[in-house]
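Participant: Dropping the structure in here first, questions after.
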There are 2 protein chains.
Amino acid sequence: MASEGIEQKMEDLNVTKPSTSQSGEPTEKPAKQDKERRDQKKAAKPKQQQGQGKQGQGKQGQGKKKEDDQDTKGITVTKAEDLSEWYQQVILKAEMLEFTDVPGCYIYLPRSYMIWEEIRDFFDAKIKAMGVENSYFPLFITEANLQREKDHVEGFAAEVAWVTEGGRNKLEKKLAVRPTSETAMYSYYSKKIRSHRDLPLKLNQWNNVVRWEFKHAVPFLRSREFLWQEGHTAHMTEAEAGKEVLEILDHYAAIYEELLAVPVVKGKKTVNEQFPGAHYTTTIEGFIPAVGRGIQAATSHCLGQHFAKMFDITVEDPNQQVKDGEKRDKLHVWQNSWGFTTRSIGVMILVHGDDKGLVVPPRVSNVQAVLIPVGINNKTTPEDKEHINNEVDKLRKTLKGAGVRTELDDRDGYSAGYKFNEWEMKGVPLRLECGPKDLAKESVLAVRRDTGEKFTIAIADLATEVPKRLETIQKEMLQRASDIYASHRKIVREWKDFVPTLNEKNVLLVPHCAGGECEDEIKKDSAATVEGQEVDARAPSMGAKSLCIPAEQPEEIKEGTKCINPKCSQNAKEWVMFGRSY
Amino acid sequence: MASEGIEQKMEDLNVTKPSTSQSGEPTEKPAKQDKERRDQKKAAKPKQQQGQGKQGQGKQGQGKKKEDDQDTKGITVTKAEDLSEWYQQVILKAEMLEFTDVPGCYIYLPRSYMIWEEIRDFFDAKIKAMGVENSYFPLFITEANLQREKDHVEGFAAEVAWVTEGGRNKLEKKLAVRPTSETAMYSYYSKKIRSHRDLPLKLNQWNNVVRWEFKHAVPFLRSREFLWQEGHTAHMTEAEAGKEVLEILDHYAAIYEELLAVPVVKGKKTVNEQFPGAHYTTTIEGFIPAVGRGIQAATSHCLGQHFAKMFDITVEDPNQQVKDGEKRDKLHVWQNSWGFTTRSIGVMILVHGDDKGLVVPPRVSNVQAVLIPVGINNKTTPEDKEHINNEVDKLRKTLKGAGVRTELDDRDGYSAGYKFNEWEMKGVPLRLECGPKDLAKESVLAVRRDTGEKFTIAIADLATEVPKRLETIQKEMLQRASDIYASHRKIVREWKDFVPTLNEKNVLLVPHCAGGECEDEIKKDSAATVEGQEVDARAPSMGAKSLCIPAEQPEEIKEGTKCINPKCSQNAKEWVMFGRSY
């Protein structure tokens, strides 16, 4: 049973092929399995329904000791040996997320939602400075509207959840739950935009969308409902639209690099991989070293005039001279759409987490420093103990005053060691230990979560030193992750090196013709070969797809260079980044 | 046609009885009607589909003049003569909201969404200070979970939208779109709460909910999808839960009174009117003077232990002494839930708006002061004009520096008068006119939107005087509205005065037995009588229901006072506020 569950979960993180479950529902074994395990630990609840029944509450209630036993176990597998089980234990035990009885839909607990709030505030300020305004459009989209852009509807048809009943009545016309809001918004754009003076129109919304995928759901990375912002803008010219597309992409990269300390590669999607209905799609691509896979981090699309034509969003040419009574020509506006999702939190967890659990970058950590009184034992007098706790509480106030999000863990009956493990599992960037000896030396012992490095900080310097150290941690986390990513982006010039290099957990920069069919061929051939070779169990029979055409090309493609695909007769046009991906 | 449309719309604002439209869909005539009218003005689009087609773009594109003709018309009816038509013109022309092709679902445009952001930031700070944490739970709820609390599901069954198809497959089990999240959240609570040390648990979420009502939809006030926050907390004792219920109610009242300048009456709902599944419901009740109707502004519920019993949310009695091996008794937790919705924006519009359009309280207005250059005509030299605009732009910078959200309207080709009307229609609190004469006197002419009062402000005092005036406006808007509300809360001691006083657009404080059936009788009898009398066309045959039991009782109920309902044999227990309502 358990092993089944684990295999199942490994698949979850490693396969992107559709599941074969009859109903098409992603099998939620991992959740159930895990619940079972945990419930057994805390004196079994019935399995059928999470949260039902509480036989044995008694045992569990005697509790603290028992809870210790359970929690101090911490993460029971290493990231290397079983990424999927590791990931699930981390997000559950660090209280980032919970499973529900709705397959593919999850609970974002305060510890992860707070990160989303940080991202929102950061990005919201950037786009408001660009003149973007927030708004809210309906959750439901009529079938008629959804289908107005051909490529768009084809791209989403398989993923749309439909409302067909309201109250006790059957609806005359079923309604789509938005998978994205182009078709929900652009009828309004057509009405609102009446002349060039109404341009640019720049609206954004922070909302929830639903994509009823039948791939295995993975918390944060691929869920049926997720949170995001979606920006939708209309411009007079392609140049103006294109400029914005890249500005937004830079802001997206900044969220990853400056907040989440996660490096990304900027580029453009190939035609095969671009957004349904887009003119072109720009993207930032992340990398998960543990499995050597790329992951799409966020995308910013230029929709061109496709939607403008379908929704008739036009203005009159302001520069055209006409005689009285004559009409000016109609110009279709140039549109962009861009979205950033809660997937980013999952990427952060996968990139930074280690065998002890979560590692959260200081800027997005709801607790940045945790103060733990130490050197208290059964010989300590109540007076001494009170004295220590009082002194440490002074330190808490000092740090709070310095704007550091600080927690004091002075819980009774928990050993210092137990507390260390718990806060490490939760990924708090800096631990500050303070006991009688430290107080005597008027200093605290600081321990970095990311490196384990220990150092003392004079109490007098706390207010200046701790914020400085937190910034150092933030910068070094990004630097380390960037070095790793860079070392796994390999230039490959010949097909013979393609799959072997791929199997060494790399993404590849290859000379490519940029042709769609050729891309499909590469995907097929890189998959087949892997299957034949039975490589690393955690990199199953999955082919490499094009991740992006990096904005920063490694070198110029020499005249007459062939496409890397031996079956392809074309010349290479660009360096394209290929890789296995989520 | 048009008049039909208007009657229809009047109903929208005045009837709360279900519509009889066959499909059960609220007839969206108002929207369509209005679209037609507006589309005709701007050179007709086809009616079927808003935003479709743009024949005659030409005419409209020659444009500005034509637009002037249209827009300067402003609001074409008075608030008194046709509240419903007035309301619709105001929200559309002031760009607060737009209709969509999904009945009962609306677009919240930046000018209204920004108000929602102000409310969110204000309330979010208050609850975070109370130790409430934000989170996010799934949009979809399984039928099994939704039905676990009997009263609750009965209360919502008629209003639930169901998802039955995902992608191209029929779902094995249909999923409810959350009408509220008690049943989505409490399975988690049962799992999370393992001991008294896990209490209190205080989670909140900002999200969208769907209630597929078959009453006439009214923008902001009654829509099928709306935005809100919902707080859900669990406590050890009833006392602790009860304390929080009232703290939250105070914060809700503060949003209305301090931000929206709308007075409310705090109280408790009668059993008839309380939340399905609640132990008791506290409420704040607003008042719409134009029709003399009450409106529920927000509610804060103590759920008691009802849900805790259904979802088995228990802890062991921490105070019970037991021998080793013996189990402590299980205690069910005490729960609260409380929600505040975008309806509040509609209440603000109805309370403060006037015949010129919107009147927005300064604290929530996205533009607090608008600067308009005046005294520019065709005799003005380009140099003088440039000089004036430059000087006025300096004033804009000064005000911005003082933290005033300021807009400078220096558009060419629009008369000052046109601009005055437009900004009045949009409800900007303070207009600042500045021309050659003003500059000569080193002052500007200020005009209050709420009172029309004019006064000069020395340019030297701008940075201090404008913020002061805005605060004055905020306070006086609340004061005026409070006086009006107070003058329309009438104490009525005898049934003979009940309906007549009601028909004078009042809400009534009456001695009542607090019995549910008696309440229904009053509703029936106060309705019938009105029908008989054929009173004011905008107060149709609708009965009075109990709005709340005011926390502040007008006086003590004297021993032996009878219930006001002549058919009721009971003695009065409390003063209950009755009224027609939305």
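Convention: chains lettered A, B, ... in structure tokens order; per-chain residue numbering from 1; ligands numbered from 1 as shown.
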Show me, as JSON, numbers by chain, the residues of chain A whose atoms get within 6 Å of chain B, using only C-alpha atoms for the distance check.
Facilitator: {"A": [51, 58, 105, 107, 108, 109, 110, 113, 133, 134, 135, 136, 137, 138, 158, 159, 160, 161, 162, 163, 165, 166, 167, 168, 187, 190, 191, 212, 327]}
Participant: Export, as a PDB file, in the first residue's frame, the selected residues with N, CA and C atoms.
Facilitator:
ATOM      1  N   GLY A  51     -11.224  14.317   8.534  1.00  0.00           N
ATOM      2  CA  GLY A  51     -11.877  15.167   9.522  1.00  0.00           C
ATOM      3  C   GLY A  51     -13.108  14.543  10.119  1.00  0.00           C
ATOM      4  N   GLY A  58      -8.518  10.607  22.721  1.00  0.00           N
ATOM      5  CA  GLY A  58      -7.930  10.457  24.051  1.00  0.00           C
ATOM      6  C   GLY A  58      -6.434  10.314  23.980  1.00  0.00           C
ATOM      7  N   CYS A 105      -7.807  20.170  -6.087  1.00  0.00           N
ATOM      8  CA  CYS A 105      -8.033  21.468  -5.435  1.00  0.00           C
ATOM      9  C   CYS A 105      -7.467  21.421  -4.016  1.00  0.00           C
ATOM     10  N   ILE A 107      -5.916  23.539  -0.247  1.00  0.00           N
ATOM     11  CA  ILE A 107      -6.064  24.649   0.692  1.00  0.00           C
ATOM     12  C   ILE A 107      -4.726  25.374   0.804  1.00  0.00           C
ATOM     13  N   TYR A 108      -4.700  26.660   0.525  1.00  0.00           N
ATOM     14  CA  TYR A 108      -3.510  27.478   0.739  1.00  0.00           C
ATOM     15  C   TYR A 108      -3.551  27.995   2.164  1.00  0.00           C
ATOM     16  N   LEU A 109      -2.711  27.417   3.022  1.00  0.00           N
ATOM     17  CA  LEU A 109      -2.697  27.792   4.430  1.00  0.00           C
ATOM     18  C   LEU A 109      -1.945  29.112   4.616  1.00  0.00           C
ATOM     19  N   PRO A 110      -2.115  29.761   5.778  1.00  0.00           N
ATOM     20  CA  PRO A 110      -1.500  31.081   5.970  1.00  0.00           C
ATOM     21  C   PRO A 110      -0.009  31.145   5.613  1.00  0.00           C
ATOM     22  N   TYR A 113      -0.083  31.353   1.859  1.00  0.00           N
ATOM     23  CA  TYR A 113      -0.891  32.467   1.357  1.00  0.00           C
ATOM     24  C   TYR A 113      -0.195  33.796   1.628  1.00  0.00           C
ATOM     25  N   GLU A 133      -4.736  49.517 -13.970  1.00  0.00           N
ATOM     26  CA  GLU A 133      -5.739  49.613 -12.908  1.00  0.00           C
ATOM     27  C   GLU A 133      -6.341  48.239 -12.631  1.00  0.00           C
ATOM     28  N   ASN A 134      -6.661  47.980 -11.365  1.00  0.00           N
ATOM     29  CA  ASN A 134      -7.291  46.716 -11.008  1.00  0.00           C
ATOM     30  C   ASN A 134      -8.797  46.777 -11.213  1.00  0.00           C
ATOM     31  N   SER A 135      -9.361  45.618 -11.500  1.00  0.00           N
ATOM     32  CA  SER A 135     -10.796  45.511 -11.761  1.00  0.00           C
ATOM     33  C   SER A 135     -11.195  44.066 -11.473  1.00  0.00           C
ATOM     34  N   TYR A 136     -12.485  43.747 -11.662  1.00  0.00           N
ATOM     35  CA  TYR A 136     -12.900  42.356 -11.489  1.00  0.00           C
ATOM     36  C   TYR A 136     -13.977  41.997 -12.492  1.00  0.00           C
ATOM     37  N   PHE A 137     -13.733  40.924 -13.255  1.00  0.00           N
ATOM     38  CA  PHE A 137     -14.680  40.443 -14.272  1.00  0.00           C
ATOM     39  C   PHE A 137     -15.269  39.116 -13.807  1.00  0.00           C
ATOM     40  N   PRO A 138     -16.463  38.748 -14.320  1.00  0.00           N
ATOM     41  CA  PRO A 138     -17.161  37.571 -13.791  1.00  0.00           C
ATOM     42  C   PRO A 138     -16.396  36.258 -13.926  1.00  0.00           C
ATOM     43  N   ALA A 158     -10.589  21.412 -23.655  1.00  0.00           N
ATOM     44  CA  ALA A 158     -10.440  20.162 -22.899  1.00  0.00           C
ATOM     45  C   ALA A 158     -10.320  20.412 -21.403  1.00  0.00           C
ATOM     46  N   GLU A 159     -10.171  21.661 -21.011  1.00  0.00           N
ATOM     47  CA  GLU A 159      -9.857  21.966 -19.609  1.00  0.00           C
ATOM     48  C   GLU A 159     -10.940  22.796 -18.917  1.00  0.00           C
ATOM     49  N   VAL A 160     -12.067  23.013 -19.576  1.00  0.00           N
ATOM     50  CA  VAL A 160     -13.061  23.917 -19.003  1.00  0.00           C
ATOM     51  C   VAL A 160     -14.043  23.168 -18.102  1.00  0.00           C
ATOM     52  N   ALA A 161     -14.281  23.712 -16.919  1.00  0.00           N
ATOM     53  CA  ALA A 161     -15.339  23.200 -16.046  1.00  0.00           C
ATOM     54  C   ALA A 161     -16.625  23.960 -16.362  1.00  0.00           C
ATOM     55  N   TRP A 162     -17.722  23.219 -16.472  1.00  0.00           N
ATOM     56  CA  TRP A 162     -18.997  23.825 -16.891  1.00  0.00           C
ATOM     57  C   TRP A 162     -20.040  23.785 -15.783  1.00  0.00           C
ATOM     58  N   VAL A 163     -20.676  24.923 -15.544  1.00  0.00           N
ATOM     59  CA  VAL A 163     -21.829  24.987 -14.660  1.00  0.00           C
ATOM     60  C   VAL A 163     -23.079  24.760 -15.499  1.00  0.00           C
ATOM     61  N   GLU A 165     -26.185  23.603 -13.760  1.00  0.00           N
ATOM     62  CA  GLU A 165     -27.353  23.704 -12.884  1.00  0.00           C
ATOM     63  C   GLU A 165     -27.204  24.898 -11.942  1.00  0.00           C
ATOM     64  N   GLY A 166     -28.318  25.626 -11.769  1.00  0.00           N
ATOM     65  CA  GLY A 166     -28.359  26.726 -10.814  1.00  0.00           C
ATOM     66  C   GLY A 166     -29.507  26.488  -9.868  1.00  0.00           C
ATOM     67  N   GLY A 167     -29.189  26.385  -8.567  1.00  0.00           N
ATOM     68  CA  GLY A 167     -30.241  26.045  -7.622  1.00  0.00           C
ATOM     69  C   GLY A 167     -30.817  24.705  -8.019  1.00  0.00           C
ATOM     70  N   ARG A 168     -32.118  24.629  -8.164  1.00  0.00           N
ATOM     71  CA  ARG A 168     -32.718  23.330  -8.506  1.00  0.00           C
ATOM     72  C   ARG A 168     -33.075  23.252  -9.989  1.00  0.00           C
ATOM     73  N   SER A 187     -15.357  41.748 -24.753  1.00  0.00           N
ATOM     74  CA  SER A 187     -16.599  42.396 -25.195  1.00  0.00           C
ATOM     75  C   SER A 187     -16.654  43.793 -24.600  1.00  0.00           C
ATOM     76  N   SER A 190     -14.344  46.131 -26.422  1.00  0.00           N
ATOM     77  CA  SER A 190     -14.915  46.575 -27.686  1.00  0.00           C
ATOM     78  C   SER A 190     -15.851  47.758 -27.463  1.00  0.00           C
ATOM     79  N   LYS A 191     -16.551  47.730 -26.352  1.00  0.00           N
ATOM     80  CA  LYS A 191     -17.519  48.777 -26.037  1.00  0.00           C
ATOM     81  C   LYS A 191     -16.824  50.024 -25.501  1.00  0.00           C
ATOM     82  N   TRP A 212      -9.634  22.344 -15.760  1.00  0.00           N
ATOM     83  CA  TRP A 212      -9.962  20.986 -15.343  1.00  0.00           C
ATOM     84  C   TRP A 212      -9.050  19.992 -16.056  1.00  0.00           C
ATOM     85  N   LYS A 327     -15.387  58.516 -43.970  1.00  0.00           N
ATOM     86  CA  LYS A 327     -15.010  57.772 -42.765  1.00  0.00           C
ATOM     87  C   LYS A 327     -13.501  57.535 -42.753  1.00  0.00           C
TER      88      LYS A 327
END
Participant: For Thr282 of chain B, find every residue with an atom within 12 Å (counting only C-alpha atoms), except residues of its own chain fewer than 5 positions away, and show them as number ranges by chain.
Facilitator: B: 242-250, 252-253, 265-271, 273-275, 296-303, 336-339, 547-551
Participant: Please produce a file of the residues just selected, as a CSV table (one decimal), in the first residue's frame, where the atoms kept are N, CA and C atoms.
Facilitator:
chain,number,residue,atom,x,y,z
B,242,GLY,N,-18.3,34.8,21.5
B,242,GLY,CA,-19.3,35.9,21.5
B,242,GLY,C,-18.6,37.3,21.5
B,243,LYS,N,-17.4,37.4,22.2
B,243,LYS,CA,-16.7,38.6,22.3
B,243,LYS,C,-16.2,39.0,20.9
B,244,GLU,N,-15.7,38.0,20.2
B,244,GLU,CA,-15.2,38.2,18.8
B,244,GLU,C,-16.3,38.7,17.8
B,245,VAL,N,-17.4,38.0,17.9
B,245,VAL,CA,-18.5,38.3,17.0
B,245,VAL,C,-18.8,39.8,17.1
B,246,LEU,N,-18.8,40.4,18.3
B,246,LEU,CA,-19.1,41.8,18.4
B,246,LEU,C,-17.9,42.7,18.0
B,247,GLU,N,-16.7,42.3,18.3
B,247,GLU,CA,-15.5,43.0,17.8
B,247,GLU,C,-15.6,43.2,16.3
B,248,ILE,N,-15.9,42.1,15.6
B,248,ILE,CA,-16.0,42.1,14.1
B,248,ILE,C,-17.1,43.1,13.7
B,249,LEU,N,-18.2,43.0,14.4
B,249,LEU,CA,-19.4,43.8,14.0
B,249,LEU,C,-18.9,45.3,14.1
B,250,ASP,N,-18.2,45.6,15.2
B,250,ASP,CA,-17.7,47.0,15.3
B,250,ASP,C,-16.8,47.4,14.1
B,252,TYR,N,-16.9,46.2,11.1
B,252,TYR,CA,-17.8,46.3,10.0
B,252,TYR,C,-18.5,47.7,10.0
B,253,ALA,N,-19.0,48.1,11.2
B,253,ALA,CA,-19.6,49.4,11.3
B,253,ALA,C,-18.6,50.5,11.0
B,265,VAL,N,-27.2,50.7,12.0
B,265,VAL,CA,-27.7,50.3,13.3
B,265,VAL,C,-27.3,48.9,13.6
B,266,LYS,N,-26.6,48.8,14.8
B,266,LYS,CA,-26.1,47.5,15.2
B,266,LYS,C,-27.2,46.7,15.9
B,267,GLY,N,-27.3,45.4,15.7
B,267,GLY,CA,-28.3,44.6,16.4
B,267,GLY,C,-28.1,43.2,16.1
B,268,LYS,N,-29.2,42.4,16.5
B,268,LYS,CA,-29.2,41.0,16.4
B,268,LYS,C,-30.3,40.6,15.5
B,269,LYS,N,-30.2,39.6,14.7
B,269,LYS,CA,-31.3,39.1,13.8
B,269,LYS,C,-32.2,38.3,14.7
B,270,THR,N,-33.5,38.4,14.3
B,270,THR,CA,-34.5,37.5,14.9
B,270,THR,C,-34.2,36.0,14.4
B,271,VAL,N,-34.8,35.1,15.1
B,271,VAL,CA,-34.5,33.7,14.7
B,271,VAL,C,-34.9,33.5,13.2
B,273,GLU,N,-34.7,35.4,10.8
B,273,GLU,CA,-33.8,36.1,9.8
B,273,GLU,C,-32.3,35.7,9.9
B,274,GLN,N,-32.0,34.8,10.9
B,274,GLN,CA,-30.6,34.5,11.1
B,274,GLN,C,-30.0,33.5,10.1
B,275,PHE,N,-28.7,33.5,10.0
B,275,PHE,CA,-27.9,32.7,9.1
B,275,PHE,C,-28.2,31.2,9.2
B,296,GLN,N,-29.6,45.1,4.7
B,296,GLN,CA,-28.6,44.4,5.6
B,296,GLN,C,-27.2,44.8,5.0
B,297,ALA,N,-26.4,45.4,5.9
B,297,ALA,CA,-25.1,45.9,5.5
B,297,ALA,C,-24.0,44.9,5.7
B,298,ALA,N,-24.0,44.1,6.8
B,298,ALA,CA,-23.1,43.0,7.0
B,298,ALA,C,-23.5,42.3,8.2
B,299,THR,N,-23.1,41.0,8.3
B,299,THR,CA,-23.5,40.1,9.4
B,299,THR,C,-22.3,39.4,10.0
B,300,SER,N,-22.3,39.2,11.3
B,300,SER,CA,-21.3,38.5,12.0
B,300,SER,C,-22.0,37.4,12.9
B,301,HIS,N,-21.7,36.1,12.6
B,301,HIS,CA,-22.5,35.0,13.2
B,301,HIS,C,-21.7,34.3,14.3
B,302,CYS,N,-22.4,34.0,15.3
B,302,CYS,CA,-21.9,32.9,16.2
B,302,CYS,C,-22.6,31.6,15.8
B,303,LEU,N,-21.8,30.6,15.3
B,303,LEU,CA,-22.3,29.4,14.9
B,303,LEU,C,-22.6,28.4,16.0
B,336,ASN,N,-17.4,30.9,15.0
B,336,ASN,CA,-17.9,32.1,14.4
B,336,ASN,C,-17.7,32.1,12.9
B,337,SER,N,-18.6,32.8,12.2
B,337,SER,CA,-18.2,33.2,10.8
B,337,SER,C,-18.8,34.5,10.5
B,338,TRP,N,-18.1,35.3,9.7
B,338,TRP,CA,-18.5,36.7,9.5
B,338,TRP,C,-18.0,37.1,8.1
B,339,GLY,N,-18.9,37.9,7.4
B,339,GLY,CA,-18.6,38.3,6.0
B,339,GLY,C,-19.0,39.7,5.7
B,547,LEU,N,-35.9,43.7,10.7
B,547,LEU,CA,-34.5,44.0,10.3
B,547,LEU,C,-33.5,43.6,11.3
B,548,CYS,N,-33.8,44.0,12.5
B,548,CYS,CA,-32.9,43.5,13.6
B,548,CYS,C,-33.5,43.9,15.0
B,549,ILE,N,-33.0,43.3,16.0
B,549,ILE,CA,-33.3,43.7,17.4
B,549,ILE,C,-32.1,44.6,17.8
B,550,PRO,N,-32.4,46.0,17.7
B,550,PRO,CA,-31.3,46.9,17.9
B,550,PRO,C,-30.6,46.7,19.3
B,551,ALA,N,-29.2,46.7,19.3
B,551,ALA,CA,-28.5,46.6,20.5
B,551,ALA,C,-28.9,47.7,21.5
Participant: List as a PyMOL selection string the protein and nucleic acid residues near segment 74-83 of chain A, meaning an atom at most 8 Å away when only C-alpha atoms are counted, but skip any in the same chain fewer than 4 places from it.
Facilitator: chain A and resi 10+13+70+87+89-90+93+290+354-357+421-422+425
Participant: Please determine, counting only C-alpha atoms, which residue among A:Met577, A:Ala446, A:Lys202, A:Ala261 has the shortest atom-to-atom distance to Met130 of chain A.
Facilitator: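 Going through A:Met577, A:Ala446, A:Lys202, A:Ala261 one by one, the smallest distance to Met130 of chain A is for A:Lys202.
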Participant: Which residues, written as JSON, numbers by chain, have at least one atom at most 8 Å from segment 377-393 of chain B, with only C-alpha atoms counted and residues fewer than 2 positions away on the same chain left out?
Facilitator: {"B": [371, 372, 373, 375, 395, 396, 397, 408, 410, 434, 435, 436]}
Participant: Can you measure atom CA of Glu471 of chain B to atom CA of Leu259 of chain B for me? One decimal in Å is fine.
Facilitator: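 So the two atoms, atom CA of Glu471 of chain B and atom CA of Leu259 of chain B, lie 11.0 Å apart.
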Participant: DSSP says helix (DSSP H, G or I) for which residues of segment 397-509 of chain B? Put them as a ChimeraX atom specification?
Facilitator: /B:397-401,416-425,436-440,459-487,495-503
Participant: How many Å separate atom CA of Phe220 of chain A from atom CA of Gly346 of chain A?
Facilitator: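 Atom CA of Gly346 of chain A lies 5.0 Å from atom CA of Phe220 of chain A.
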Participant: Mind pulling up the distance from atom CA of Phe287 of chain B to atom CA of Cys518 of chain B?
Facilitator: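 For atom CA of Cys518 of chain B relative to atom CA of Phe287 of chain B, the distance reads 23.7 Å.
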Participant: Write out as a list of chain:residue names each polymer residue whose atoms come within 10 Å of Ala544 of chain A, counting only C-alpha atoms; drop sequence neighbours fewer than 6 positions from it.
Facilitator: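 Within the cut-off, the hits are A:Arg293, A:Gly294, A:Phe498, A:Val499, A:Leu502, A:Val507, A:Leu508, A:Glu519, A:Asp520, A:Glu521, A:Ile522, A:Lys523, A:Lys524, A:Asp525, A:Ser526, A:Ala527, A:Met577, A:Phe578, A:Gly579, A:Arg580, A:Ser581.
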Participant: With N, CA and C atoms kept, could you save the residues just selected as an mmCIF file, in the first residue's frame?
Facilitator:
data_model
loop_
_atom_site.group_PDB
_atom_site.id
_atom_site.type_symbol
_atom_site.label_atom_id
_atom_site.label_comp_id
_atom_site.auth_asym_id
_atom_site.auth_seq_id
_atom_site.Cartn_x
_atom_site.Cartn_y
_atom_site.Cartn_z
ATOM 1 N N ARG A 293 14.757 19.216 -14.401
ATOM 2 C CA ARG A 293 13.668 19.595 -15.302
ATOM 3 C C ARG A 293 13.449 21.090 -15.329
ATOM 4 N N GLY A 294 13.067 21.580 -16.488
ATOM 5 C CA GLY A 294 12.647 22.965 -16.584
ATOM 6 C C GLY A 294 11.225 23.103 -16.081
ATOM 7 N N PHE A 498 22.593 14.603 -27.254
ATOM 8 C CA PHE A 498 21.343 15.203 -26.780
ATOM 9 C C PHE A 498 20.784 14.449 -25.569
ATOM 10 N N VAL A 499 20.414 13.180 -25.776
ATOM 11 C CA VAL A 499 19.749 12.418 -24.714
ATOM 12 C C VAL A 499 20.684 12.130 -23.529
ATOM 13 N N LEU A 502 20.845 15.194 -21.527
ATOM 14 C CA LEU A 502 19.521 15.369 -20.915
ATOM 15 C C LEU A 502 19.420 14.487 -19.663
ATOM 16 N N VAL A 507 19.227 20.886 -18.788
ATOM 17 C CA VAL A 507 18.474 21.407 -19.923
ATOM 18 C C VAL A 507 19.505 21.781 -20.981
ATOM 19 N N LEU A 508 19.072 21.754 -22.242
ATOM 20 C CA LEU A 508 20.034 21.854 -23.334
ATOM 21 C C LEU A 508 19.792 23.079 -24.194
ATOM 22 N N GLU A 519 10.267 19.847 -33.741
ATOM 23 C CA GLU A 519 10.210 19.878 -32.272
ATOM 24 C C GLU A 519 9.515 18.619 -31.756
ATOM 25 N N ASP A 520 8.375 18.295 -32.372
ATOM 26 C CA ASP A 520 7.624 17.099 -31.956
ATOM 27 C C ASP A 520 8.475 15.844 -32.119
ATOM 28 N N GLU A 521 9.233 15.804 -33.213
ATOM 29 C CA GLU A 521 10.088 14.653 -33.483
ATOM 30 C C GLU A 521 11.115 14.493 -32.362
ATOM 31 N N ILE A 522 11.727 15.592 -32.000
ATOM 32 C CA ILE A 522 12.747 15.565 -30.941
ATOM 33 C C ILE A 522 12.128 15.056 -29.644
ATOM 34 N N LYS A 523 10.923 15.533 -29.358
ATOM 35 C CA LYS A 523 10.230 15.098 -28.138
ATOM 36 C C LYS A 523 10.067 13.580 -28.164
ATOM 37 N N LYS A 524 9.588 13.074 -29.299
ATOM 38 C CA LYS A 524 9.335 11.641 -29.445
ATOM 39 C C LYS A 524 10.653 10.868 -29.299
ATOM 40 N N ASP A 525 11.634 11.273 -30.031
ATOM 41 C CA ASP A 525 12.890 10.512 -30.075
ATOM 42 C C ASP A 525 13.653 10.575 -28.750
ATOM 43 N N SER A 526 13.604 11.697 -28.081
ATOM 44 C CA SER A 526 14.333 11.781 -26.792
ATOM 45 C C SER A 526 13.598 10.966 -25.741
ATOM 46 N N ALA A 527 12.302 10.792 -25.914
ATOM 47 C CA ALA A 527 11.527 9.958 -24.983
ATOM 48 C C ALA A 527 11.860 8.493 -25.210
ATOM 49 N N MET A 577 16.246 26.357 -26.084
ATOM 50 C CA MET A 577 16.460 25.596 -24.852
ATOM 51 C C MET A 577 15.435 24.471 -24.792
ATOM 52 N N PHE A 578 15.944 23.226 -24.791
ATOM 53 C CA PHE A 578 15.099 22.039 -24.671
ATOM 54 C C PHE A 578 15.296 21.414 -23.296
ATOM 55 N N GLY A 579 14.270 20.718 -22.811
ATOM 56 C CA GLY A 579 14.443 19.998 -21.554
ATOM 57 C C GLY A 579 13.193 19.222 -21.200
ATOM 58 N N ARG A 580 13.340 18.282 -20.276
ATOM 59 C CA ARG A 580 12.144 17.692 -19.692
ATOM 60 C C ARG A 580 11.534 18.782 -18.817
ATOM 61 N N SER A 581 10.242 18.756 -18.650
ATOM 62 C CA SER A 581 9.661 19.859 -17.895
ATOM 63 C C SER A 581 8.364 19.456 -17.223
#
Participant: Per DSSP on the backbone, filter segment 393-473 of chain B down to the residues in strand (DSSP E or B) and report them as a list in words.
Facilitator: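 Strand (DSSP E or B) assignments inside segment 393-473 of chain B correspond to Thr406, Glu407, Leu408, Leu430, Arg431, Leu432, Glu433, Cys434, Ser443, Val444, Leu445, Ala446, Val447, Arg448, Lys454, Phe455, Thr456, Ile457 and Ala458 of chain B.
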Participant: Closest to Thr341 of chain A among A:Asp438, A:Glu552, A:Glu230, A:Asp461, using only C-alpha atoms?
Facilitator: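 Of A:Asp438, A:Glu552, A:Glu230, A:Asp461, the one nearest Thr341 of chain A, counting only C-alpha atoms, is A:Glu230.
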